[in-house]
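run.txt (compact mmCIF, C-alpha atoms)
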```
# COMPACT_ATOMS: atom_id res chain seq x y z
CA MET J 1 109.11 91.64 69.77
CA ILE J 2 105.41 92.01 68.99
CA ALA J 3 103.39 90.59 71.88
CA SER J 4 99.70 91.50 71.69
CA PRO J 5 97.41 89.59 69.28
CA ARG J 6 96.23 92.85 67.71
CA SER J 7 99.78 94.04 67.05
CA ARG J 8 100.65 90.65 65.61
CA SER J 9 97.64 90.80 63.28
CA VAL J 10 98.59 94.29 62.11
CA PHE J 11 102.16 93.15 61.56
CA LEU J 12 101.05 90.15 59.48
CA ALA J 13 98.69 92.29 57.43
CA GLN J 14 101.29 94.96 56.70
CA ASN J 15 104.16 92.65 55.86
CA GLY J 16 101.92 90.19 54.03
CA THR J 17 100.73 92.99 51.78
CA LEU J 18 104.30 94.17 51.19
CA LEU J 19 105.51 90.67 50.34
CA PHE J 20 102.59 90.16 48.01
CA LEU J 21 103.41 93.36 46.17
CA LEU J 22 107.09 92.39 45.90
CA VAL J 23 106.16 88.99 44.51
CA LEU J 24 103.76 90.63 42.10
CA LEU J 25 106.55 92.91 40.93
CA PHE J 26 108.86 89.96 40.48
CA LEU J 27 106.33 88.16 38.27
CA PHE J 28 106.93 90.88 35.71
CA ALA J 29 110.67 90.84 36.24
CA ARG J 30 113.15 90.94 33.46
CA GLY J 31 116.86 90.59 33.80
CA PRO J 32 119.88 88.49 32.96
CA ASP J 33 119.49 86.19 35.99
CA LEU J 34 116.08 85.69 37.56
CA LEU J 35 117.49 83.37 40.25
CA TYR J 36 119.79 86.04 41.63
CA GLY J 37 116.94 88.53 41.43
CA ALA J 38 114.64 86.23 43.39
CA LEU J 39 117.29 85.55 46.04
CA SER J 40 118.15 89.22 46.53
CA LEU J 41 114.47 90.21 46.62
CA GLY J 42 113.72 87.44 49.13
CA LEU J 43 116.66 88.53 51.29
CA LEU J 44 115.38 92.10 51.33
CA ALA J 45 111.86 90.99 52.22
CA ALA J 46 113.14 88.68 54.98
CA TYR J 47 115.30 91.41 56.53
CA HIS J 48 112.42 93.88 56.48
CA ALA J 49 110.00 91.40 58.08
CA LEU J 50 112.41 90.22 60.79
CA VAL J 51 113.52 93.71 61.82
CA ASN J 52 109.90 94.94 62.01
CA TYR J 53 108.92 91.89 64.06
CA TYR J 54 111.67 92.05 66.68
CA PHE J 55 112.40 95.79 66.91
CA THR J 56 110.62 99.12 66.77
CA PRO J 57 112.17 102.21 65.17
CA ARG J 58 112.45 103.78 68.66
CA GLN J 59 114.44 100.79 69.92
CA ILE J 60 116.75 100.98 66.91
CA GLN J 61 117.31 104.69 67.52
CA GLN J 62 117.93 104.21 71.24
CA ALA J 63 120.54 101.55 70.39
CA ARG J 64 122.11 104.04 67.93
CA LEU J 65 121.80 101.51 65.10
CA MET J 66 119.66 103.54 62.70
CA THR J 67 122.65 104.28 60.44
CA VAL J 68 123.53 100.57 60.31
CA HIS J 69 119.89 99.72 59.66
CA LEU J 70 119.62 102.17 56.75
CA GLY J 71 122.99 101.06 55.38
CA THR J 72 121.80 97.42 55.37
CA TYR J 73 118.61 98.48 53.62
CA LEU J 74 120.57 100.34 50.94
CA LEU J 75 122.93 97.39 50.45
CA LEU J 76 120.08 94.90 49.99
CA CYS J 77 118.21 97.26 47.66
CA THR J 78 121.35 97.72 45.61
CA LEU J 79 121.71 93.92 45.32
CA VAL J 80 118.15 93.71 44.00
CA ILE J 81 118.81 96.45 41.43
CA ARG J 82 122.13 94.89 40.46
CA ALA J 83 120.58 91.46 39.95
CA THR J 84 117.66 92.77 37.88
CA THR J 85 119.57 95.22 35.66
CA GLY J 86 120.35 94.10 32.10
CA ALA J 87 123.10 95.20 29.80
CA ASP J 88 120.74 97.43 27.82
CA GLU J 89 117.77 97.59 30.16
CA GLU J 90 117.36 99.29 33.53
CA SER J 91 115.88 97.52 36.55
CA LEU J 92 112.16 97.79 37.15
CA TYR J 93 112.67 97.53 40.93
CA TRP J 94 113.70 101.13 41.57
CA ILE J 95 110.78 101.29 43.99
CA VAL J 96 112.67 99.18 46.57
CA TYR J 97 114.77 102.25 47.35
CA LEU J 98 111.65 103.76 48.88
CA LEU J 99 112.10 101.40 51.85
CA PRO J 100 115.25 103.12 53.22
CA ILE J 101 113.99 106.53 52.08
CA THR J 102 110.65 106.28 53.94
CA THR J 103 112.36 104.72 56.97
CA ALA J 104 114.78 107.66 57.17
CA ALA J 105 111.98 110.17 56.56
CA ALA J 106 109.84 108.70 59.34
CA ASN J 107 112.62 108.73 61.95
CA LEU J 108 115.26 111.33 60.99
CA ASN J 109 115.39 115.05 60.31
CA LEU J 110 115.16 116.63 56.86
CA LEU J 111 118.91 116.90 56.27
CA ARG J 112 119.55 113.22 56.95
CA THR J 113 116.51 112.24 54.90
CA LEU J 114 117.89 114.20 51.94
CA ALA J 115 121.23 112.45 52.45
CA VAL J 116 119.54 109.01 52.18
CA CYS J 117 117.63 110.19 49.09
CA SER J 118 120.88 111.38 47.50
CA LEU J 119 122.68 108.12 48.30
CA SER J 120 119.80 106.08 46.87
CA SER J 121 119.84 108.19 43.71
CA LEU J 122 123.61 107.78 43.31
CA LEU J 123 123.42 104.01 43.78
CA TYR J 124 120.57 103.64 41.32
CA GLY J 125 122.29 105.97 38.83
CA ALA J 126 125.57 104.03 39.15
CA LEU J 127 123.78 100.79 38.23
CA PHE J 128 121.84 102.40 35.38
CA PRO J 129 123.06 100.87 32.04
CA GLN J 130 125.65 103.20 30.55
CA SER J 131 124.61 102.34 27.04
CA LEU J 132 121.22 103.93 27.60
CA TYR J 133 122.55 107.43 28.34
CA LEU J 134 125.74 107.19 26.24
CA ASN J 135 123.81 106.26 23.12
CA PRO J 136 122.72 109.50 21.39
CA GLN J 137 119.54 107.82 20.15
CA SER J 138 118.27 106.61 23.56
CA ARG J 139 119.64 109.48 25.60
CA PRO J 140 116.72 111.92 25.01
CA GLU J 141 114.30 109.30 26.33
CA GLU J 142 116.27 107.59 29.13
CA LEU J 143 117.86 110.59 30.86
CA PRO J 144 114.52 112.34 31.57
CA GLU J 145 113.18 109.03 32.89
CA LEU J 146 116.19 108.68 35.21
CA LEU J 147 115.76 112.26 36.43
CA ILE J 148 112.05 111.65 37.07
CA LEU J 149 112.86 108.61 39.21
CA VAL J 150 115.49 110.51 41.17
CA THR J 151 113.09 113.42 41.65
CA THR J 152 110.46 110.94 42.86
CA PHE J 153 112.88 109.73 45.54
CA PHE J 154 113.28 113.27 46.87
CA ILE J 155 109.58 114.16 46.61
CA ILE J 156 108.48 111.09 48.56
CA GLY J 157 111.25 111.55 51.13
CA VAL J 158 110.37 115.21 51.75
CA LEU J 159 106.62 114.54 51.95
CA VAL J 160 106.97 111.63 54.39
CA GLN J 161 109.52 113.53 56.47
CA SER J 162 107.24 116.58 56.66
CA PHE J 163 104.29 114.49 57.77
CA SER J 164 106.40 112.55 60.29
CA GLU J 165 107.91 115.74 61.69
CA SER J 166 104.41 117.12 62.22
CA GLN J 167 103.40 113.94 64.02
CA ARG J 168 106.54 114.03 66.18
CA ARG J 169 105.83 117.64 67.19
CA SER J 170 102.27 116.69 68.12
CA LEU J 171 103.53 113.77 70.18
CA ASP J 172 106.13 115.97 71.90
CA GLN J 173 103.45 118.52 72.79
CA GLN J 174 101.22 115.73 74.09
CA GLU J 175 104.06 114.30 76.19
CA LYS J 176 104.83 117.75 77.62
CA LEU J 177 101.15 118.20 78.45
CA ASN J 178 101.04 114.78 80.09
CA ARG J 179 104.14 115.56 82.14
CA ARG J 180 102.62 118.87 83.20
CA LEU J 181 99.38 117.15 84.19
CA ILE J 182 101.30 114.53 86.17
CA SER J 183 103.32 117.27 87.88
CA ASN J 184 100.17 119.25 88.70
CA ARG J 185 98.53 116.10 90.01
CA LYS J 186 101.53 115.36 92.22
CA THR J 187 101.52 118.95 93.50
CA LEU J 188 97.81 118.70 94.26
CA GLN J 189 98.32 115.39 96.07
CA ASP J 190 101.16 116.91 98.10
CA SER J 191 98.97 119.89 98.99
CA LEU J 192 96.11 117.62 100.04
CA ARG J 193 98.50 115.51 102.10
CA LYS J 194 99.89 118.59 103.83
CA LEU J 195 96.34 119.83 104.47
CA ARG J 196 95.33 116.48 105.97
CA ASN J 197 98.46 116.46 108.12
CA ALA J 198 97.78 120.02 109.26
CA GLU J 199 94.17 119.16 110.13
CA GLU J 200 95.28 116.04 111.98
CA ASN J 201 97.95 117.97 113.90
CA LEU J 202 95.42 120.67 114.78
CA ARG J 203 92.93 118.12 116.09
CA ARG J 204 95.72 116.36 117.98
CA LYS J 205 96.87 119.64 119.54
CA ASP J 206 93.32 120.47 120.63
CA ARG J 207 92.89 117.05 122.23
CA LEU J 208 96.31 117.13 123.84
CA SER J 209 95.79 120.66 125.15
CA ALA J 210 92.55 119.72 126.89
CA LEU J 211 94.00 116.46 128.14
CA GLY J 212 97.18 118.17 129.28
CA ARG J 213 95.33 120.72 131.40
CA LEU J 214 93.28 117.96 132.99
CA SER J 215 96.39 115.82 133.61
CA ALA J 216 98.34 118.67 135.16
CA GLY J 217 95.48 119.50 137.49
CA MET J 218 95.03 115.90 138.58
CA ALA J 219 98.77 115.44 139.01
CA HIS J 220 99.00 118.35 141.44
CA GLU J 221 96.03 117.08 143.41
CA ILE J 222 97.55 113.58 143.65
CA ARG J 223 101.07 114.74 144.54
CA ASN J 224 100.07 116.18 147.91
CA PRO J 225 98.38 112.97 149.19
CA LEU J 226 101.36 110.97 147.96
CA GLY J 227 103.71 113.13 150.00
CA ILE J 228 101.54 112.63 153.07
CA ILE J 229 101.47 108.85 152.48
CA SER J 230 105.25 108.70 152.10
CA SER J 231 105.98 110.72 155.23
CA SER J 232 103.32 108.86 157.24
CA VAL J 233 104.83 105.50 156.31
CA GLN J 234 108.27 106.70 157.36
CA LEU J 235 106.97 107.92 160.74
CA LEU J 236 105.01 104.71 161.26
CA ALA J 237 108.10 102.63 160.47
CA LYS J 238 110.11 104.54 163.09
CA LYS J 239 107.45 103.92 165.76
CA LEU J 240 107.47 100.21 164.98
CA GLU J 241 111.21 99.82 165.57
CA PRO J 242 112.67 97.34 165.93
CA ARG J 243 111.03 96.24 162.69
CA SER J 244 110.52 92.71 161.56
CA ASP J 245 111.43 91.50 158.08
CA ASP J 246 107.78 91.57 157.00
CA ILE J 247 107.32 95.17 158.11
CA GLU J 248 110.58 96.18 156.40
CA GLN J 249 109.42 94.58 153.17
CA LEU J 250 105.99 96.27 153.32
CA VAL J 251 107.56 99.69 153.97
CA SER J 252 109.94 99.16 151.08
CA VAL J 253 107.08 98.23 148.75
CA VAL J 254 105.08 101.32 149.77
CA GLN J 255 108.06 103.64 149.25
CA GLU J 256 108.87 102.06 145.87
CA GLU J 257 105.31 102.44 144.62
CA VAL J 258 105.14 106.02 145.91
CA GLN J 259 108.30 106.84 143.94
CA ARG J 260 106.87 105.19 140.85
CA LEU J 261 103.63 107.17 141.18
CA ASN J 262 105.63 110.34 141.73
CA GLY J 263 107.51 109.64 138.49
CA LEU J 264 104.21 109.21 136.66
CA ILE J 265 102.98 112.49 138.12
CA ASN J 266 106.11 114.24 136.81
CA ASP J 267 105.35 112.80 133.38
CA PHE J 268 101.77 114.11 133.64
CA ILE J 269 103.00 117.58 134.54
CA LYS J 270 105.54 117.64 131.70
CA PHE J 271 102.87 116.53 129.28
CA GLY J 272 100.28 118.98 130.55
CA ARG J 273 102.64 121.97 130.58
CA PRO J 274 105.35 121.37 127.98
CA ALA J 275 108.26 123.73 128.22
CA ALA J 276 108.82 126.09 125.31
CA PRO J 277 112.13 125.31 123.55
CA ASP J 278 114.97 127.64 124.51
CA ARG J 279 116.81 127.43 121.21
CA HIS J 280 120.42 128.09 120.52
CA ASP J 281 123.08 126.73 118.19
CA ALA J 282 124.00 123.26 119.39
CA ASP J 283 126.15 120.47 117.98
CA VAL J 284 123.58 117.68 117.59
CA ARG J 285 126.39 115.22 116.86
CA GLN J 286 127.70 115.65 120.41
CA LEU J 287 124.12 115.39 121.66
CA VAL J 288 123.73 111.96 120.03
CA GLU J 289 127.14 110.83 121.24
CA ARG J 290 126.36 111.83 124.84
CA THR J 291 122.94 110.15 124.75
CA VAL J 292 124.45 106.88 123.53
CA GLN J 293 127.17 106.98 126.21
CA GLU J 294 124.61 107.53 128.97
CA CYS J 295 122.51 104.59 127.75
CA GLN J 296 125.43 102.14 127.46
CA PRO J 297 125.08 100.81 131.05
CA LEU J 298 121.42 99.95 130.45
CA ALA J 299 122.35 98.31 127.11
CA GLN J 300 125.01 96.17 128.81
CA GLN J 301 122.59 95.23 131.56
CA ARG J 302 120.01 94.06 129.01
CA GLU J 303 122.69 92.44 126.81
CA VAL J 304 121.77 94.61 123.84
CA GLN J 305 124.31 96.01 121.36
CA LEU J 306 123.95 99.82 121.26
CA THR J 307 125.78 101.61 118.43
CA SER J 308 125.74 105.02 116.80
CA ASP J 309 126.32 106.29 113.28
CA TYR J 310 126.84 109.99 112.59
CA PRO J 311 128.84 112.13 110.15
CA VAL J 312 132.37 113.26 110.85
CA GLY J 313 132.68 116.79 112.17
CA SER J 314 130.16 119.03 113.90
CA LEU J 315 126.56 119.34 112.74
CA GLU J 316 124.88 122.37 114.27
CA ALA J 317 121.16 123.09 114.52
CA TRP J 318 119.07 125.72 116.29
CA VAL J 319 117.53 123.58 119.04
CA ASP J 320 116.96 123.29 122.76
CA GLY J 321 119.69 120.78 123.57
CA GLY J 322 118.19 119.76 126.90
CA LEU J 323 114.69 119.08 125.59
CA LEU J 324 115.96 117.33 122.47
CA ARG J 325 118.27 115.13 124.55
CA GLN J 326 115.30 114.28 126.77
CA ALA J 327 113.33 113.13 123.69
CA LEU J 328 116.27 111.09 122.38
CA LEU J 329 116.87 109.49 125.78
CA ASN J 330 113.23 108.51 125.94
CA LEU J 331 113.35 106.87 122.51
CA VAL J 332 116.68 105.09 123.09
CA ILE J 333 115.57 103.75 126.50
CA ASN J 334 112.28 102.58 125.00
CA ALA J 335 114.20 100.83 122.21
CA LEU J 336 116.55 99.13 124.66
CA GLU J 337 113.67 97.97 126.86
CA ALA J 338 111.78 96.63 123.82
CA THR J 339 114.77 94.77 122.34
CA PRO J 340 115.36 91.18 123.47
CA PRO J 341 118.84 90.05 124.63
CA GLN J 342 121.45 89.79 121.84
CA GLY J 343 119.44 92.30 119.83
CA LYS J 344 120.71 95.56 118.33
CA VAL J 345 119.83 99.23 118.71
CA GLN J 346 121.40 101.85 116.46
CA VAL J 347 121.15 105.64 116.69
CA ARG J 348 121.80 107.40 113.37
CA LEU J 349 122.21 111.09 112.58
CA ARG J 350 122.12 112.55 109.08
CA ALA J 351 121.73 115.92 107.39
CA ALA J 352 118.37 115.89 105.57
CA GLY J 353 117.34 118.78 103.36
CA GLN J 354 117.01 121.94 105.45
CA GLY J 355 117.27 119.99 108.69
CA VAL J 356 118.72 117.01 110.54
CA ARG J 357 117.25 113.53 110.88
CA PHE J 358 117.63 111.24 113.90
CA GLU J 359 116.83 107.55 113.53
CA ILE J 360 116.53 105.11 116.42
CA HIS J 361 116.32 101.60 115.01
CA ASN J 362 115.95 98.40 117.02
CA THR J 363 115.55 94.76 116.04
CA GLY J 364 113.24 92.12 117.38
CA SER J 365 110.35 94.30 118.58
CA ILE J 366 107.30 95.10 116.49
CA ILE J 367 104.61 97.73 117.05
CA PRO J 368 101.26 96.41 115.75
CA GLU J 369 100.13 98.19 112.62
CA GLU J 370 96.85 99.29 114.19
CA MET J 371 98.81 101.11 116.95
CA GLN J 372 101.34 102.90 114.73
CA SER J 373 98.91 105.67 113.78
CA ARG J 374 98.23 106.54 117.45
CA ILE J 375 101.50 105.56 119.11
CA PHE J 376 102.20 109.24 119.97
CA ASP J 377 98.84 109.73 121.68
CA PRO J 378 98.95 109.87 125.48
CA PHE J 379 98.26 106.68 127.44
CA VAL J 380 98.94 104.49 124.38
CA THR J 381 101.73 102.04 125.19
CA THR J 382 102.90 98.52 124.40
CA LYS J 383 104.51 98.08 127.84
CA ASP J 384 102.81 96.26 130.71
CA ARG J 385 103.75 98.95 133.25
CA GLY J 386 104.12 101.94 130.94
CA SER J 387 102.23 105.20 131.39
CA GLY J 388 101.94 105.94 127.69
CA LEU J 389 103.32 109.47 128.20
CA GLY J 390 106.98 109.00 127.23
CA LEU J 391 106.44 109.00 123.47
CA ALA J 392 103.74 111.66 123.79
CA ASN J 393 106.18 113.97 125.60
CA ALA J 394 108.93 113.27 123.03
CA HIS J 395 106.47 113.99 120.23
CA GLN J 396 105.50 117.32 121.83
CA ILE J 397 109.17 118.29 122.10
CA VAL J 398 109.73 117.56 118.41
CA ILE J 399 106.57 119.44 117.38
CA GLY J 400 107.69 122.36 119.53
CA HIS J 401 110.87 122.52 117.44
CA GLY J 402 108.83 122.69 114.23
CA GLY J 403 109.86 119.14 113.37
CA GLU J 404 108.17 115.86 112.64
CA MET J 405 108.29 112.43 114.23
CA ARG J 406 107.36 109.15 112.55
CA VAL J 407 107.48 105.44 113.24
CA ARG J 408 107.90 102.47 110.91
CA SER J 409 107.68 98.92 112.22
CA THR J 410 107.79 95.73 110.15
CA PRO J 411 108.63 92.11 111.00
CA GLU J 412 111.49 92.17 108.48
CA ASP J 413 113.25 95.40 109.56
CA GLY J 414 112.18 95.87 113.17
CA THR J 415 111.10 99.27 114.49
CA MET J 416 112.51 102.68 113.61
CA PHE J 417 111.55 106.06 115.06
CA SER J 418 112.55 109.03 112.89
CA ILE J 419 112.83 112.64 114.06
CA TRP J 420 113.29 115.52 111.63
CA ILE J 421 114.28 118.91 113.08
CA PRO J 422 114.76 122.03 110.90
CA LEU J 423 118.16 123.69 111.09
CA ARG J 424 116.74 127.12 111.71
CA GLU J 425 112.99 127.32 111.40
CA GLU J 426 110.23 125.24 109.90
CA THR J 427 110.06 125.47 106.11
CA ASP J 428 107.32 124.66 103.62
CA GLU J 429 109.35 121.78 102.24
CA SER J 430 108.27 118.20 102.80
CA HIS J 431 109.92 116.80 105.92
CA PRO J 432 112.39 114.10 104.83
CA CYS J 433 111.63 112.00 107.88
CA GLY J 434 111.85 108.56 106.26
```
Hey, can you dump this file as structure tokens for me?
Amino acid sequence: MIASPRSRSVFLAQNGTLLFLLVLLFLFARGPDLLYGALSLGLLAAYHALVNYYFTPRQIQQARLMTVHLGTYLLLCTLVIRATTGADEESLYWIVYLLPITTAAANLNLLRTLAVCSLSSLLYGALFPQSLYLNPQSRPEELPELLILVTTFFIIGVLVQSFSESQRRSLDQQEKLNRRLISNRKTLQDSLRKLRNAEENLRRKDRLSALGRLSAGMAHEIRNPLGIISSSVQLLAKKLEPRSDDIEQLVSVVQEEVQRLNGLINDFIKFGRPAAPDRHDADVRQLVERTVQECQPLAQQREVQLTSDYPVGSLEAWVDGGLLRQALLNLVINALEATPPQGKVQVRLRAAGQGVRFEIHNTGSIIPEEMQSRIFDPFVTTKDRGSGLGLANAHQIVIGHGGEMRVRSTPEDGTMFSIWIPLREETDESHPCG
């Protein structure tokens, strides 16, 4: 249906002009029954106006109704000719056959246009008064006139079809050019995105390298005093025996905090000096299954439902199984700790392009949008007692495998960490990491 005011104005102008011309033709009509002529002409005009108002030729073609449309046109035109043809006088409304002819020429190929021209000629010739070409006196005058009309049908059909075909070729070339421009634009955008990602990764690596060296150095310097503190507390506790409850509690607190600091130091060292992946063919499906089994006790303790979803059969990739399991354990434990009781955590594994994709999805916990872009930076954490190195270490492990790690967190869907690891080696393809 025509919607815009400009299109509606054009439609009214076009069809108003056509109706005016048809009425003008009818004013000079002659025939045995003017009422039937008026009704058939009005029916033809109404069909033409309604079809043009509600449908476009492209819509009619897409619905595969062009043959029905042209057949209806020919039927209505034939009714007009039949109603305005006298016993000894041909109809003056032969021009109405130009409606189906020009419609076919504007939308169909040359062969089908010639078929519509031929059918129009046969219908008009069949309704031509026989007395005019059987009578020897009128035959020399009427037959050439009939042939001229038939020839006019074909000339107009061929000319309109030729012009329309030229326009269709121009439009096809324009559409191909537009598609090529869109494709080139998409390629350029992908290249710019990859360049930005490469620059960002390079800057991140430079920052992490400097920070890692500093962290490793500080960790080693702190570890020695911690060992002295731990051993000194143990010796002091032995000298104070028998110990009171207060002394026992203080010693326990000191030892617990020393162990916690020692764990943080280990994280610093791992971050500062990440191990190079020792790759070999490993069944990542078994890796996911083992990780989920090891985390089930923690899930039961926190009353969180931990499930897994992976394809049937083995799925091998060229990875360091130990490092990759360490990254997965870190993510699954983080998800379990961030999920409230009665929540859900699911670990999914899928083949993705030239690699494998791991997804750790948990409900109920949201990472603020302003933190999502730097969640893999060291010392960035949403936990009260977190070091901010767990995700950074996992991210370094994934990058060391030539993969990519992403996070998506929304109030509706919860939080999902995605890891993409290439099967063999990093390719130039876009990482399908969700």
Grab all the atoms of range 193-199 of chain J that the file lists, wrap them in a box along x, y and z, add 3 Å per side, and give me centre plus edge lengths in Å (one decimal) as AutoDock Vina command-line options.
```
--center_x 97.0 --center_y 117.8 --center_z 106.1 --size_x 11.7 --size_y 10.5 --size_z 14.0
```
Near range 334-344 of chain J, counting all atoms listed in the file, which residues have an atom at most 12 Å away, once you skip same-chain residues fewer than 6 positions from it, shown as JSON, numbers by chain? {"J": [292, 295, 296, 297, 298, 299, 300, 301, 302, 303, 304, 305, 306, 307, 308, 327, 328, 359, 360, 361, 362, 363, 364, 365, 366, 367, 381, 382, 383, 384, 385, 386, 388, 389, 390, 391, 394, 413, 414, 415, 416, 417]}
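The environment of Leu147 in chain J within 10 Å, counting only C-alpha atoms and disregarding residues fewer than 5 places along the same chain, consists of J:Ser121, J:Gly125, J:Glu142, J:Thr152, J:Phe153.
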As a ChimeraX atom specification, please: the residues near Leu159 in chain J (cut-off 12 Å, all atoms listed in the file, same-chain neighbours under 6 positions excluded). /J:101-102,104-106,110,113-114,152-153,165-166
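Of the residues under consideration (J:Thr187, J:Phe128, J:Lys194, J:Ser164), J:Phe128 shows the shortest atom-to-atom contact distance to Glu145 in chain J when counting all atoms listed in the file.
CA of Arg348 in chain J is positioned 21.0 Å from CA of Gln372 in chain J.
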Need the shell around His69 in chain J: protein/DNA/RNA residues with any atom at most 12 Å away, counting all atoms listed in the file. Skip same-chain ones fewer than 5 positions apart. Format as number ranges by chain? J: 47-48, 51-52, 55-57, 59-61, 63-64, 74-76, 99-101, 103-104, 107, 116
